[in-house]
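So this block is final.pdb, PDB, C-alpha atoms and all ligand atoms:
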ATOM      1  CA  MET A   1      71.762 -57.774 147.458
ATOM      2  CA  LYS A   2      73.086 -60.006 150.256
ATOM      3  CA  ALA A   3      76.390 -60.792 151.946
ATOM      4  CA  ASP A   4      77.593 -63.213 154.606
ATOM      5  CA  ILE A   5      78.866 -61.518 157.727
ATOM      6  CA  HIS A   6      81.052 -63.294 160.260
ATOM      7  CA  SER A   7      80.679 -60.891 163.180
ATOM      8  CA  PHE A   8      80.451 -57.323 164.404
ATOM      9  CA  GLU A   9      82.530 -55.416 166.873
ATOM     10  CA  SER A  10      81.124 -52.264 168.354
ATOM     11  CA  LEU A  11      83.241 -49.209 168.870
ATOM     12  CA  ALA A  12      86.480 -50.939 167.892
ATOM     13  CA  ALA A  13      88.873 -48.013 168.252
ATOM     14  CA  LEU A  14      91.781 -49.961 166.723
ATOM     15  CA  ASP A  15      90.118 -50.618 163.368
ATOM     16  CA  GLY A  16      90.313 -47.045 162.110
ATOM     17  CA  GLU A  17      90.198 -43.648 163.737
ATOM     18  CA  GLY A  18      87.531 -42.437 166.199
ATOM     19  CA  LEU A  19      84.822 -44.653 167.644
ATOM     20  CA  ARG A  20      83.916 -47.280 165.128
ATOM     21  CA  TYR A  21      81.630 -50.183 164.390
ATOM     22  CA  ALA A  22      83.441 -52.949 162.554
ATOM     23  CA  VAL A  23      81.723 -55.354 160.164
ATOM     24  CA  PHE A  24      83.674 -58.556 159.483
ATOM     25  CA  PHE A  25      82.736 -60.252 156.216
ATOM     26  CA  THR A  26      83.438 -63.897 155.472
ATOM     27  CA  GLY A  27      85.434 -65.037 152.465
ATOM     28  CA  CYS A  28      89.120 -64.367 151.764
ATOM     29  CA  PRO A  29      91.286 -64.954 148.671
ATOM     30  CA  LEU A  30      94.457 -65.302 150.757
ATOM     31  CA  ARG A  31      95.738 -68.010 153.096
ATOM     32  CA  CYS A  32      98.193 -66.103 155.277
ATOM     33  CA  VAL A  33     100.323 -68.389 157.412
ATOM     34  CA  CYS A  34      99.839 -65.954 160.307
ATOM     35  CA  CYS A  35      96.033 -65.776 160.004
ATOM     36  CA  HIS A  36      94.287 -65.794 163.371
ATOM     37  CA  ASN A  37      90.821 -65.837 161.797
ATOM     38  CA  PRO A  38      90.723 -68.939 159.568
ATOM     39  CA  ASP A  39      87.032 -69.160 160.459
ATOM     40  CA  THR A  40      86.461 -66.216 158.074
ATOM     41  CA  TRP A  41      87.989 -67.926 155.023
ATOM     42  CA  HIS A  42      84.845 -69.449 153.634
ATOM     43  CA  ARG A  43      81.627 -67.677 152.884
ATOM     44  CA  SER A  44      79.224 -68.566 155.634
ATOM     45  CA  GLY A  45      77.728 -66.747 158.546
ATOM     46  CA  MET A  46      74.842 -64.363 159.084
ATOM     47  CA  GLU A  47      73.222 -63.322 155.845
ATOM     48  CA  TYR A  48      72.290 -59.646 155.590
ATOM     49  CA  THR A  49      70.793 -57.555 152.836
ATOM     50  CA  SER A  50      72.419 -54.146 152.360
ATOM     51  CA  ASP A  51      69.262 -52.529 153.703
ATOM     52  CA  GLU A  52      69.265 -54.737 156.817
ATOM     53  CA  LEU A  53      72.914 -53.940 157.467
ATOM     54  CA  TYR A  54      72.316 -50.213 156.956
ATOM     55  CA  ARG A  55      69.455 -50.227 159.456
ATOM     56  CA  LYS A  56      71.687 -51.976 161.998
ATOM     57  CA  LEU A  57      74.615 -49.593 161.437
ATOM     58  CA  LYS A  58      72.651 -46.370 161.567
ATOM     59  CA  ARG A  59      71.691 -47.075 165.184
ATOM     60  CA  TYR A  60      75.313 -46.305 166.080
ATOM     61  CA  LYS A  61      75.361 -42.894 164.410
ATOM     62  CA  PRO A  62      75.409 -40.955 167.736
ATOM     63  CA  TYR A  63      78.759 -42.609 168.535
ATOM     64  CA  PHE A  64      80.387 -41.770 165.195
ATOM     65  CA  LYS A  65      81.964 -38.478 166.214
ATOM     66  CA  ASN A  66      85.544 -37.235 165.859
ATOM     67  CA  GLY A  67      86.201 -39.079 162.621
ATOM     68  CA  GLY A  68      84.492 -42.320 163.658
ATOM     69  CA  GLY A  69      82.250 -44.452 161.487
ATOM     70  CA  VAL A  70      81.923 -47.925 160.068
ATOM     71  CA  THR A  71      84.911 -50.153 159.259
ATOM     72  CA  PHE A  72      84.399 -52.898 156.686
ATOM     73  CA  SER A  73      86.802 -55.715 157.476
ATOM     74  CA  GLY A  74      87.058 -59.473 157.157
ATOM     75  CA  GLY A  75      88.115 -61.907 155.790
ATOM     76  CA  GLU A  76      88.382 -59.696 152.744
ATOM     77  CA  PRO A  77      85.598 -57.078 152.652
ATOM     78  CA  LEU A  78      86.150 -56.204 149.003
ATOM     79  CA  LEU A  79      84.980 -59.615 147.860
ATOM     80  CA  ASN A  80      81.671 -57.904 148.657
ATOM     81  CA  ALA A  81      82.479 -54.584 146.964
ATOM     82  CA  GLU A  82      79.086 -54.272 145.293
ATOM     83  CA  PHE A  83      77.324 -54.941 148.581
ATOM     84  CA  ILE A  84      79.560 -52.390 150.328
ATOM     85  CA  ASN A  85      78.742 -49.792 147.649
ATOM     86  CA  GLU A  86      75.034 -50.366 148.130
ATOM     87  CA  THR A  87      75.290 -50.150 151.915
ATOM     88  CA  ALA A  88      77.556 -47.090 151.684
ATOM     89  CA  ALA A  89      75.005 -45.291 149.520
ATOM     90  CA  PHE A  90      72.443 -45.731 152.318
ATOM     91  CA  LEU A  91      74.968 -44.652 154.969
ATOM     92  CA  GLN A  92      75.965 -41.584 152.965
ATOM     93  CA  ARG A  93      72.404 -40.239 153.197
ATOM     94  CA  ASP A  94      72.879 -40.195 156.983
ATOM     95  CA  GLY A  95      76.365 -38.704 156.798
ATOM     96  CA  ILE A  96      78.038 -41.924 158.008
ATOM     97  CA  GLY A  97      81.415 -42.659 156.462
ATOM     98  CA  TYR A  98      83.397 -45.863 156.305
ATOM     99  CA  ALA A  99      86.931 -47.202 156.293
ATOM    100  CA  LEU A 100      88.102 -50.248 154.359
ATOM    101  CA  ASP A 101      90.354 -52.700 156.202
ATOM    102  CA  THR A 102      91.721 -54.768 153.338
ATOM    103  CA  SER A 103      94.585 -56.933 152.117
ATOM    104  CA  GLY A 104      94.333 -55.228 148.716
ATOM    105  CA  SER A 105      94.459 -58.672 147.125
ATOM    106  CA  VAL A 106      91.436 -58.262 144.886
ATOM    107  CA  PRO A 107      91.255 -57.385 141.185
ATOM    108  CA  LEU A 108      90.869 -53.658 140.630
ATOM    109  CA  THR A 109      87.420 -53.684 139.049
ATOM    110  CA  ASP A 110      85.300 -50.555 138.658
ATOM    111  CA  THR A 111      83.205 -51.767 141.601
ATOM    112  CA  VAL A 112      86.270 -52.097 143.798
ATOM    113  CA  LYS A 113      87.502 -48.673 142.639
ATOM    114  CA  SER A 114      84.168 -47.139 143.674
ATOM    115  CA  ALA A 115      84.420 -48.740 147.103
ATOM    116  CA  ILE A 116      87.909 -47.234 147.490
ATOM    117  CA  ASP A 117      86.911 -43.840 146.057
ATOM    118  CA  ASN A 118      83.979 -43.446 148.450
ATOM    119  CA  ALA A 119      85.834 -44.628 151.570
ATOM    120  CA  ASP A 120      87.058 -42.086 154.123
ATOM    121  CA  MET A 121      90.267 -44.031 154.357
ATOM    122  CA  VAL A 122      91.934 -47.364 153.608
ATOM    123  CA  ILE A 123      93.717 -49.549 156.154
ATOM    124  CA  LEU A 124      95.948 -51.617 153.903
ATOM    125  CA  ASP A 125      97.783 -54.771 154.914
ATOM    126  CA  ILE A 126     101.221 -54.969 153.380
ATOM    127  CA  LYS A 127     101.625 -58.682 153.838
ATOM    128  CA  TYR A 128     105.059 -59.192 152.306
ATOM    129  CA  PRO A 129     107.437 -56.987 150.343
ATOM    130  CA  ASP A 130     108.032 -59.146 147.258
ATOM    131  CA  ALA A 131     106.322 -61.643 144.984
ATOM    132  CA  GLU A 132     108.144 -64.663 146.335
ATOM    133  CA  MET A 133     107.217 -64.042 149.976
ATOM    134  CA  TYR A 134     103.698 -62.955 149.020
ATOM    135  CA  GLY A 135     103.138 -66.245 147.237
ATOM    136  CA  LYS A 136     104.844 -68.386 149.850
ATOM    137  CA  TYR A 137     103.395 -66.896 153.044
ATOM    138  CA  ALA A 138     100.036 -65.476 151.880
ATOM    139  CA  ARG A 139      99.376 -67.569 148.774
ATOM    140  CA  GLY A 140      98.518 -64.383 146.962
ATOM    141  CA  ASP A 141      99.437 -62.646 143.722
ATOM    142  CA  PHE A 142     101.801 -59.740 144.345
ATOM    143  CA  ASP A 143     100.939 -57.930 141.088
ATOM    144  CA  THR A 144      97.262 -57.857 142.077
ATOM    145  CA  PHE A 145      98.240 -56.268 145.389
ATOM    146  CA  LEU A 146     100.588 -53.766 143.705
ATOM    147  CA  LYS A 147      97.880 -52.606 141.293
ATOM    148  CA  PHE A 148      95.520 -52.081 144.224
ATOM    149  CA  ALA A 149      98.085 -50.188 146.320
ATOM    150  CA  ASP A 150      99.127 -48.086 143.295
ATOM    151  CA  TYR A 151      95.498 -47.049 142.830
ATOM    152  CA  VAL A 152      95.089 -46.112 146.511
ATOM    153  CA  SER A 153      98.185 -43.947 146.244
ATOM    154  CA  ASP A 154      97.348 -42.463 142.816
ATOM    155  CA  THR A 155      93.957 -41.325 144.120
ATOM    156  CA  ASN A 156      95.567 -39.663 147.174
ATOM    157  CA  LYS A 157      93.379 -41.706 149.481
ATOM    158  CA  ARG A 158      94.090 -41.412 153.179
ATOM    159  CA  VAL A 159      95.862 -44.635 154.103
ATOM    160  CA  TRP A 160      97.303 -46.524 157.062
ATOM    161  CA  TYR A 161      99.569 -49.487 156.427
ATOM    162  CA  ARG A 162      99.812 -52.569 158.604
ATOM    163  CA  THR A 163     102.198 -55.510 158.619
ATOM    164  CA  VAL A 164     102.205 -58.532 160.913
ATOM    165  CA  ILE A 165     105.736 -59.310 162.085
ATOM    166  CA  ILE A 166     106.411 -63.031 162.467
ATOM    167  CA  PRO A 167     109.460 -64.530 164.201
ATOM    168  CA  GLY A 168     111.787 -66.147 161.688
ATOM    169  CA  ILE A 169     109.978 -64.733 158.642
ATOM    170  CA  ASN A 170     110.059 -60.923 158.624
ATOM    171  CA  ASP A 171     111.348 -59.904 162.073
ATOM    172  CA  SER A 172     114.663 -58.326 161.077
ATOM    173  CA  ASP A 173     115.910 -54.842 160.207
ATOM    174  CA  SER A 174     116.680 -56.075 156.711
ATOM    175  CA  ALA A 175     113.111 -57.338 156.261
ATOM    176  CA  VAL A 176     111.722 -54.009 157.474
ATOM    177  CA  GLY A 177     114.104 -52.345 155.024
ATOM    178  CA  GLU A 178     112.454 -54.337 152.217
ATOM    179  CA  TYR A 179     109.037 -53.000 153.232
ATOM    180  CA  MET A 180     110.500 -49.486 153.259
ATOM    181  CA  ARG A 181     111.863 -49.920 149.750
ATOM    182  CA  LEU A 182     108.453 -51.118 148.576
ATOM    183  CA  ILE A 183     106.385 -48.280 150.057
ATOM    184  CA  ALA A 184     108.736 -45.637 148.634
ATOM    185  CA  ARG A 185     106.770 -46.013 145.364
ATOM    186  CA  TRP A 186     103.601 -44.666 147.041
ATOM    187  CA  ASN A 187     102.536 -41.496 148.844
ATOM    188  CA  PRO A 188     103.608 -41.599 152.493
ATOM    189  CA  PRO A 189     100.939 -43.202 154.702
ATOM    190  CA  GLU A 190      99.475 -41.341 157.673
ATOM    191  CA  LYS A 191     100.650 -44.255 159.771
ATOM    192  CA  TYR A 192     102.489 -47.550 159.325
ATOM    193  CA  GLU A 193     101.897 -49.962 162.186
ATOM    194  CA  LEU A 194     103.748 -53.219 162.792
ATOM    195  CA  LEU A 195     101.609 -55.829 164.545
ATOM    196  CA  ALA A 196     102.872 -58.743 166.626
ATOM    197  CA  PHE A 197     102.201 -62.267 165.429
ATOM    198  CA  HIS A 198     100.325 -64.026 168.231
ATOM    199  CA  THR A 199      99.036 -67.496 168.921
ATOM    200  CA  MET A 200      95.585 -66.653 170.276
ATOM    201  CA  GLY A 201      93.838 -67.970 167.161
ATOM    202  CA  PHE A 202      95.614 -71.353 167.161
ATOM    203  CA  TYR A 203      92.626 -73.112 168.735
ATOM    204  CA  LYS A 204      90.536 -72.190 165.669
ATOM    205  CA  TYR A 205      92.767 -74.308 163.407
ATOM    206  CA  GLU A 206      92.256 -77.261 165.727
ATOM    207  CA  ASN A 207      88.506 -76.699 165.886
ATOM    208  CA  LEU A 208      88.290 -76.436 162.091
ATOM    209  CA  GLY A 209      90.639 -79.376 161.453
ATOM    210  CA  ILE A 210      92.957 -77.171 159.369
ATOM    211  CA  GLU A 211      96.732 -77.572 159.351
ATOM    212  CA  ASN A 212      98.343 -74.606 161.113
ATOM    213  CA  PRO A 213     101.632 -73.907 159.308
ATOM    214  CA  LEU A 214     103.006 -71.871 162.227
ATOM    215  CA  LYS A 215     101.889 -74.140 165.052
ATOM    216  CA  ASN A 216     105.453 -74.379 166.372
ATOM    217  CA  ASN A 217     106.164 -70.643 166.069
ATOM    218  CA  PRO A 218     106.411 -68.529 169.217
ATOM    219  CA  PRO A 219     104.497 -65.239 169.446
ATOM    220  CA  MET A 220     106.384 -62.135 168.421
ATOM    221  CA  ASP A 221     108.463 -60.617 171.204
ATOM    222  CA  LYS A 222     107.020 -57.192 172.092
ATOM    223  CA  ASP A 223     110.397 -55.512 172.737
ATOM    224  CA  THR A 224     111.786 -56.632 169.394
ATOM    225  CA  LEU A 225     108.601 -55.436 167.715
ATOM    226  CA  ALA A 226     108.973 -52.020 169.389
ATOM    227  CA  GLN A 227     112.566 -51.812 168.132
ATOM    228  CA  LEU A 228     111.474 -52.643 164.586
ATOM    229  CA  GLN A 229     108.689 -50.062 164.818
ATOM    230  CA  SER A 230     111.241 -47.436 165.942
ATOM    231  CA  TYR A 231     113.494 -48.405 163.056
ATOM    232  CA  LEU A 232     110.575 -48.073 160.630
ATOM    233  CA  ASP A 233     109.427 -44.748 162.098
ATOM    234  CA  GLY A 234     112.965 -43.392 161.909
ATOM    235  CA  LYS A 235     113.063 -44.309 158.256
ATOM    236  CA  THR A 236     109.653 -42.904 157.466
ATOM    237  CA  ARG A 237     110.129 -39.521 159.155
TER     238      ARG A 237
HETATM  239  S1  LIG A 301      93.905 -61.654 154.582
HETATM  240 FE1  LIG A 301      93.312 -61.700 156.749
HETATM  241  S2  LIG A 301      91.600 -63.170 156.871
HETATM  242 FE2  LIG A 301      92.618 -63.503 154.889
HETATM  243  S3  LIG A 301      94.077 -65.166 155.293
HETATM  244 FE3  LIG A 301      95.171 -63.216 155.536
HETATM  245  S4  LIG A 301      95.054 -62.729 157.740
HETATM  246 FE4  LIG A 301      93.475 -64.307 157.286
END
Will you turn the file into structure tokens for me?
Amino acid sequence: MKADIHSFESLAALDGEGLRYAVFFTGCPLRCVCCHNPDTWHRSGMEYTSDELYRKLKRYKPYFKNGGGVTFSGGEPLLNAEFINETAAFLQRDGIGYALDTSGSVPLTDTVKSAIDNADMVILDIKYPDAEMYGKYARGDFDTFLKFADYVSDTNKRVWYRTVIIPGINDSDSAVGEYMRLIARWNPPEKYELLAFHTMGFYKYENLGIENPLKNNPPMDKDTLAQLQSYLDGKTR
């Protein structure tokens, strides 16, 4: 089967542990106000069969040491769960594992469950801590996300959480406290990283002729972010 791939990033150490090769799929069910990759929203890009992608990925096997491997990202990679499962079956023969970098905003079908089950780990975006914010700032369905995150926890999958902190939206101790209350329902993550909202993707909205809802927002202040991360880490330890 085939999938549309936006881009690749070799040895992207930040997209999972070890040395990694990230595959960014196109297509996303969300419309996050903070998105810096609106060019991934619609399915278009380089078309690959699972076999073609496998043959490309296996060339990097010598670099996949110390827990490295492939990271499927996007957009939303799990819109292509069947394709990922096919590619992963090829990779498994060569002992190459993969991480899923996902918003968790996809229905929990058997195909999606298989993609989670066979992953080495899941990097899960916790966009917003309640249904109202999730709908308002990501245009997503919170229950769909909760079912996904519940499954990741119930299956004891290794997981990292990530949240983008945006000035004026979720950049307070009380907002971080809401995230803490939410994640208390799941197994503790190996890591929970707060990421700074930035403006580097703003030009893409202009190029695509899409309204940028945060065009007047400043980037997230790094010192405030570090303080929020300390607050979160203090709570999680
Ligand atoms: S899930 Fe990612 S790609 Fe999709 S809208 Fe949100 S930030 Fe953008």
Centre and edges of the ligand LIG 301 (chain A) box, axis-aligned, 6 Å extra per side, as JSON:
{"center_x": 93.4, "center_y": -63.4, "center_z": 156.2, "size_x": 15.6, "size_y": 15.5, "size_z": 15.2}
Any chance you could resolve the PyMOL selection byres (((chain A and resi 6) around 7) and not hetatm) against this file and give the residues as a ChimeraX atom specification?
/A:4-5,7,24-26,40,45-46
Ligand LIG 301 (chain A): which residues are within 9 Å, counting all atoms listed in the file? Reply as a list in words.
Thr26, Gly27, Cys28, Pro29, Leu30, Arg31, Cys32, Val33, Cys34, Cys35, His36, Asn37, Pro38, Asp39, Thr40, Trp41, Ser73, Gly74, Gly75, Glu76, Thr102, Ser103, Gly104, Ser105, Asp125, Lys127, Ala138, Arg139 and Val164 of chain A
Take the PyMOL selection byres (((chain A and resi 197) around 8) and not hetatm), apply it to the structure above, and return the hits as a ChimeraX atom specification.
/A:34,164-167,195-196,198-199,219-220
Selection to disk with C-alpha atoms, as a PDB file, in the coordinates of the input:
ATOM      1  CA  CYS A  34      99.839 -65.954 160.307  1.00  0.00           C
ATOM      2  CA  VAL A 164     102.205 -58.532 160.913  1.00  0.00           C
ATOM      3  CA  ILE A 165     105.736 -59.310 162.085  1.00  0.00           C
ATOM      4  CA  ILE A 166     106.411 -63.031 162.467  1.00  0.00           C
ATOM      5  CA  PRO A 167     109.460 -64.530 164.201  1.00  0.00           C
ATOM      6  CA  LEU A 195     101.609 -55.829 164.545  1.00  0.00           C
ATOM      7  CA  ALA A 196     102.872 -58.743 166.626  1.00  0.00           C
ATOM      8  CA  HIS A 198     100.325 -64.026 168.231  1.00  0.00           C
ATOM      9  CA  THR A 199      99.036 -67.496 168.921  1.00  0.00           C
ATOM     10  CA  PRO A 219     104.497 -65.239 169.446  1.00  0.00           C
ATOM     11  CA  MET A 220     106.384 -62.135 168.421  1.00  0.00           C
TER      12      MET A 220
END
I'd like to know which of A:Asp173, A:Asp94, A:Asp101, A:Glu193 is closest to Leu228 in chain A, using only C-alpha atoms.
A:Asp173
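Between Gly234 in chain A and the residues A:Asn118, A:Gly177, A:Leu19, A:Phe142, the shortest atom-to-atom distance, using all atoms listed in the file, involves A:Gly177.
If you measure from each of A:Phe8, A:Phe72, A:Tyr203, A:Phe90 to Arg55 in chain A using all atoms listed in the file, the closest one turns out to be A:Phe90.
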So how many Å separate CA of Val112 in chain A and CA of Lys147 in chain A, to one decimal?
11.9 Å
Could you complete range 84-115 of chain A so that it carries N, CA and C atoms, and give it back as a compact mmCIF listing (two decimals), in the frame of the given file?
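Just written: selection_6.txt:
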# COMPACT_ATOMS: atom_id res chain seq x y z
N ILE A 84 79.05 -53.53 149.57
CA ILE A 84 79.56 -52.39 150.33
C ILE A 84 79.10 -51.09 149.68
N ASN A 85 79.17 -51.02 148.34
CA ASN A 85 78.74 -49.79 147.65
C ASN A 85 77.26 -49.50 147.88
N GLU A 86 76.47 -50.55 147.87
CA GLU A 86 75.03 -50.37 148.13
C GLU A 86 74.80 -49.87 149.56
N THR A 87 75.46 -50.53 150.51
CA THR A 87 75.29 -50.15 151.92
C THR A 87 75.81 -48.74 152.14
N ALA A 88 76.95 -48.42 151.51
CA ALA A 88 77.56 -47.09 151.68
C ALA A 88 76.65 -45.99 151.14
N ALA A 89 75.92 -46.29 150.08
CA ALA A 89 75.00 -45.29 149.52
C ALA A 89 73.91 -44.96 150.54
N PHE A 90 73.43 -45.98 151.24
CA PHE A 90 72.44 -45.73 152.32
C PHE A 90 73.09 -44.91 153.44
N LEU A 91 74.29 -45.32 153.85
CA LEU A 91 74.97 -44.65 154.97
C LEU A 91 75.26 -43.19 154.65
N GLN A 92 75.61 -42.95 153.39
CA GLN A 92 75.96 -41.58 152.96
C GLN A 92 74.80 -40.62 153.19
N ARG A 93 73.58 -41.10 152.99
CA ARG A 93 72.40 -40.24 153.20
C ARG A 93 72.33 -39.75 154.63
N ASP A 94 72.89 -40.56 155.56
CA ASP A 94 72.88 -40.20 156.98
C ASP A 94 74.21 -39.59 157.42
N GLY A 95 75.08 -39.32 156.46
CA GLY A 95 76.36 -38.70 156.80
C GLY A 95 77.31 -39.63 157.54
N ILE A 96 77.16 -40.95 157.34
CA ILE A 96 78.04 -41.92 158.01
C ILE A 96 79.08 -42.41 157.01
N GLY A 97 80.34 -42.22 157.35
CA GLY A 97 81.42 -42.66 156.46
C GLY A 97 81.94 -44.03 156.85
N TYR A 98 82.84 -44.53 156.02
CA TYR A 98 83.40 -45.86 156.30
C TYR A 98 84.87 -45.94 155.93
N ALA A 99 85.55 -46.85 156.62
CA ALA A 99 86.93 -47.20 156.29
C ALA A 99 86.94 -48.62 155.74
N LEU A 100 87.90 -48.89 154.88
CA LEU A 100 88.10 -50.25 154.36
C LEU A 100 89.35 -50.83 155.00
N ASP A 101 89.22 -51.98 155.61
CA ASP A 101 90.35 -52.70 156.20
C ASP A 101 90.60 -53.91 155.31
N THR A 102 91.60 -53.81 154.44
CA THR A 102 91.72 -54.77 153.34
C THR A 102 93.15 -55.25 153.13
N SER A 103 93.27 -56.43 152.53
CA SER A 103 94.58 -56.93 152.12
C SER A 103 94.99 -56.35 150.76
N GLY A 104 94.04 -55.74 150.05
CA GLY A 104 94.33 -55.23 148.72
C GLY A 104 94.58 -56.33 147.70
N SER A 105 94.22 -57.55 148.04
CA SER A 105 94.46 -58.67 147.12
C SER A 105 93.20 -59.03 146.35
N VAL A 106 92.62 -58.04 145.72
CA VAL A 106 91.44 -58.26 144.89
C VAL A 106 91.65 -57.54 143.56
N PRO A 107 91.12 -58.07 142.47
CA PRO A 107 91.26 -57.38 141.18
C PRO A 107 90.63 -55.99 141.24
N LEU A 108 91.29 -55.06 140.56
CA LEU A 108 90.87 -53.66 140.63
C LEU A 108 89.75 -53.38 139.62
N THR A 109 88.58 -53.91 139.91
CA THR A 109 87.42 -53.68 139.05
C THR A 109 86.85 -52.29 139.31
N ASP A 110 85.94 -51.86 138.44
CA ASP A 110 85.30 -50.56 138.66
C ASP A 110 84.54 -50.54 139.98
N THR A 111 83.95 -51.68 140.34
CA THR A 111 83.20 -51.77 141.60
C THR A 111 84.14 -51.59 142.79
N VAL A 112 85.28 -52.23 142.72
CA VAL A 112 86.27 -52.10 143.80
C VAL A 112 86.80 -50.66 143.85
N LYS A 113 87.04 -50.07 142.66
CA LYS A 113 87.50 -48.67 142.64
C LYS A 113 86.48 -47.75 143.31
N SER A 114 85.20 -47.97 143.05
CA SER A 114 84.17 -47.14 143.67
C SER A 114 84.20 -47.27 145.19
N ALA A 115 84.38 -48.52 145.65
CA ALA A 115 84.42 -48.74 147.10
C ALA A 115 85.61 -48.00 147.72
